[in-house]
Amino acid sequence: MKKSKILISVLFILISALMAGCGSAAPKADESKVSATAAETKDIIKTTDDQTAKKTVKLVVGATPVPHAEILSVVKPALKEKGIELEVKEFTDYVTPNTALNDKQLDANFFQHVPYMEDFASKKNIQLVSAVKVHVEPMGAYSQKIKSKDELKDGAIIAIPNDATNEGRALLLLQKQGLIKLKDEKALAQTPKDIVENNKKLKFKELEAAQLPRVLQDIDLAVINTNFALEGKLNPTKDALFIEDKDSPYANILTVRPDNQKDEAIQELVKALNSEEVKRFLEDKYKGAIVPAF
């Protein structure tokens, strides 16, 4: 009996000891090591964030609203995937985008063709270069008073762009329609003073290109660049009395400076603007009013 009691007491002590061992608190972690690990984790996160920030490049491109800014909006997602943030600044004139590009306020601009760019750069003594051809905007003649060029009366008023290359381009279009004859049948930089034959005694009003759609009610005919025609709610394929051929050499270009034309981000923009996605967009949205040049 006594032996049984002793055995039970020993077992009780052993069980109590085991339970005490199981219930004891786990040893505390070294707080200094925990702090160090947290600091290292923060450094890793910060380094990763810094590396991501360095991979993101910002491109600022100046453009006229239609169709140039619209086309640029199409390529934004593709560029973003490559770490390029595209910011588009809209302009409504043909001077500021080039001066801003030269002054490095822009990385590129998108609104002009090569003859205009070369003429502007020569007159301003600056260096601009074409990065890529994108599309052609056939120049057309519009009127709210007549339905055909044959209805033009003697002394009719014709409004044309006042910048050198677009003015010459408009006069060449009028010459092709048999309305006038120029001193040089092919030269771009011509003005009404270079007209040598004008049987209808047409009168010419030279205006800023962007203003032309707004004066249609005041004149007999206006020769308008397609981008400004579209802004003026004119449909080149339906509203133009006559229009340049689709093989016009005046392709609109992405313009850059010599110092940044080979930059990786610029080259990615070049590829995007000559992509199948842009080609489909031009064909689907503009229905022949604007055609791909690639």
# chains A, B, ... in the order shown; residues from 1 in each chain; ligands from 1

$ residues_around --residues "range 133-150 of chain A" --least-positions-apart "3" --cutoff "9 Å" --atoms "only C-alpha atoms" --output "PyMOL selection string"
chain A and resi 113+130+153+169-170+173-174+177+179+213+216-217+219-227+229+234+236+239-254+270+273-274+278-279+282+289-294

$ residues_around --residues "Val60 in chain A" --least-positions-apart "2" --cutoff "12 Å" --atoms "only C-alpha atoms" --output "ChimeraX atom specification"
/A:57-58,62-63,69,72,76,84-90,97,100-101,104-110,256,265-266,269

$ write_last_selection --atoms "N, CA and C atoms" --output "short mmCIF file (atom, residue, chain, number, x, y, z; two decimals), in the first residue's frame"
data_model
loop_
_atom_site.label_atom_id
_atom_site.label_comp_id
_atom_site.auth_asym_id
_atom_site.auth_seq_id
_atom_site.Cartn_x
_atom_site.Cartn_y
_atom_site.Cartn_z
N VAL A 57 10.93 56.64 -67.96
CA VAL A 57 11.40 57.82 -68.69
C VAL A 57 10.21 58.63 -69.14
N LYS A 58 10.31 59.94 -69.03
CA LYS A 58 9.22 60.82 -69.45
C LYS A 58 9.55 61.48 -70.78
N GLY A 62 5.04 67.85 -78.23
CA GLY A 62 4.08 68.87 -78.63
C GLY A 62 3.35 68.44 -79.88
N ALA A 63 2.05 68.72 -79.95
CA ALA A 63 1.26 68.28 -81.11
C ALA A 63 0.03 69.16 -81.29
N ALA A 69 -2.41 64.70 -81.77
CA ALA A 69 -2.58 64.34 -80.35
C ALA A 69 -3.40 63.06 -80.23
N LEU A 72 -1.08 60.14 -80.92
CA LEU A 72 -0.18 59.93 -79.78
C LEU A 72 -0.89 59.22 -78.62
N LYS A 76 0.22 55.59 -76.27
CA LYS A 76 0.57 55.75 -74.84
C LYS A 76 0.66 54.43 -74.08
N ILE A 84 7.94 54.11 -70.44
CA ILE A 84 8.00 55.47 -70.99
C ILE A 84 6.66 56.17 -70.74
N GLU A 85 6.71 57.26 -70.00
CA GLU A 85 5.51 58.07 -69.75
C GLU A 85 5.44 59.15 -70.82
N LEU A 86 4.40 59.11 -71.64
CA LEU A 86 4.24 60.08 -72.73
C LEU A 86 3.30 61.20 -72.31
N GLU A 87 3.83 62.42 -72.28
CA GLU A 87 3.01 63.60 -71.98
C GLU A 87 2.83 64.40 -73.27
N VAL A 88 1.59 64.65 -73.64
CA VAL A 88 1.29 65.38 -74.87
C VAL A 88 0.85 66.80 -74.54
N LYS A 89 1.55 67.78 -75.11
CA LYS A 89 1.17 69.18 -74.95
C LYS A 89 0.59 69.66 -76.27
N GLU A 90 -0.64 70.17 -76.23
CA GLU A 90 -1.31 70.57 -77.47
C GLU A 90 -1.04 72.03 -77.82
N PRO A 97 5.52 75.06 -81.32
CA PRO A 97 6.05 73.70 -81.10
C PRO A 97 7.52 73.56 -81.52
N ALA A 100 9.73 75.68 -78.95
CA ALA A 100 9.76 74.96 -77.67
C ALA A 100 10.66 73.72 -77.77
N LEU A 101 10.66 73.06 -78.91
CA LEU A 101 11.53 71.90 -79.11
C LEU A 101 12.99 72.34 -79.11
N LYS A 104 14.35 73.01 -75.75
CA LYS A 104 14.34 71.81 -74.91
C LYS A 104 13.20 71.80 -73.89
N GLN A 105 12.14 72.53 -74.19
CA GLN A 105 10.92 72.43 -73.38
C GLN A 105 10.11 71.21 -73.83
N LEU A 106 10.41 70.74 -75.03
CA LEU A 106 9.80 69.52 -75.57
C LEU A 106 10.90 68.55 -75.98
N ASP A 107 10.57 67.26 -75.96
CA ASP A 107 11.52 66.25 -76.46
C ASP A 107 11.31 65.99 -77.95
N ALA A 108 10.11 66.29 -78.43
CA ALA A 108 9.78 66.08 -79.84
C ALA A 108 8.49 66.84 -80.14
N ASN A 109 8.20 67.00 -81.42
CA ASN A 109 6.88 67.53 -81.77
C ASN A 109 6.34 66.74 -82.97
N PHE A 110 5.05 66.86 -83.17
CA PHE A 110 4.37 66.07 -84.19
C PHE A 110 3.24 66.92 -84.77
N VAL A 256 12.49 65.92 -84.05
CA VAL A 256 13.32 65.92 -82.85
C VAL A 256 14.54 66.82 -83.09
N ALA A 265 14.30 56.20 -75.77
CA ALA A 265 12.87 56.49 -75.63
C ALA A 265 12.30 57.05 -76.94
N ILE A 266 13.06 57.90 -77.61
CA ILE A 266 12.62 58.45 -78.91
C ILE A 266 12.47 57.32 -79.92
N LEU A 269 9.32 55.49 -79.39
CA LEU A 269 8.18 56.27 -79.90
C LEU A 269 8.09 56.14 -81.42
#

$ select_by_dssp --residues "range 31-279 of chain A" --states "alpha helix (DSSP H)" --output "PyMOL selection string"
chain A and resi 31-55+70-81+96-102+114-124+164-176+226-231+236-239+264-273+276-279

$ atom_distance --atom1 "CA of Thr64 in chain A" --atom2 "CA of Asp93 in chain A"
7.5 Å

$ select_by_dssp --residues "range 50-282 of chain A" --states "strand (DSSP E)" --output "VMD selection string"
chain A and resid 57 to 63 84 to 90 108 to 113 129 to 136 140 to 142 157 to 161 181 to 182 195 to 197 203 to 207 221 to 224 242 to 243 251 to 256

$ atom_distance --atom1 "CA of Glu276 in chain A" --atom2 "CA of Asn260 in chain A"
25.1 Å

$ atom_distance --atom1 "CA of Thr96 in chain A" --atom2 "CA of Glu277 in chain A"
29.1 Å
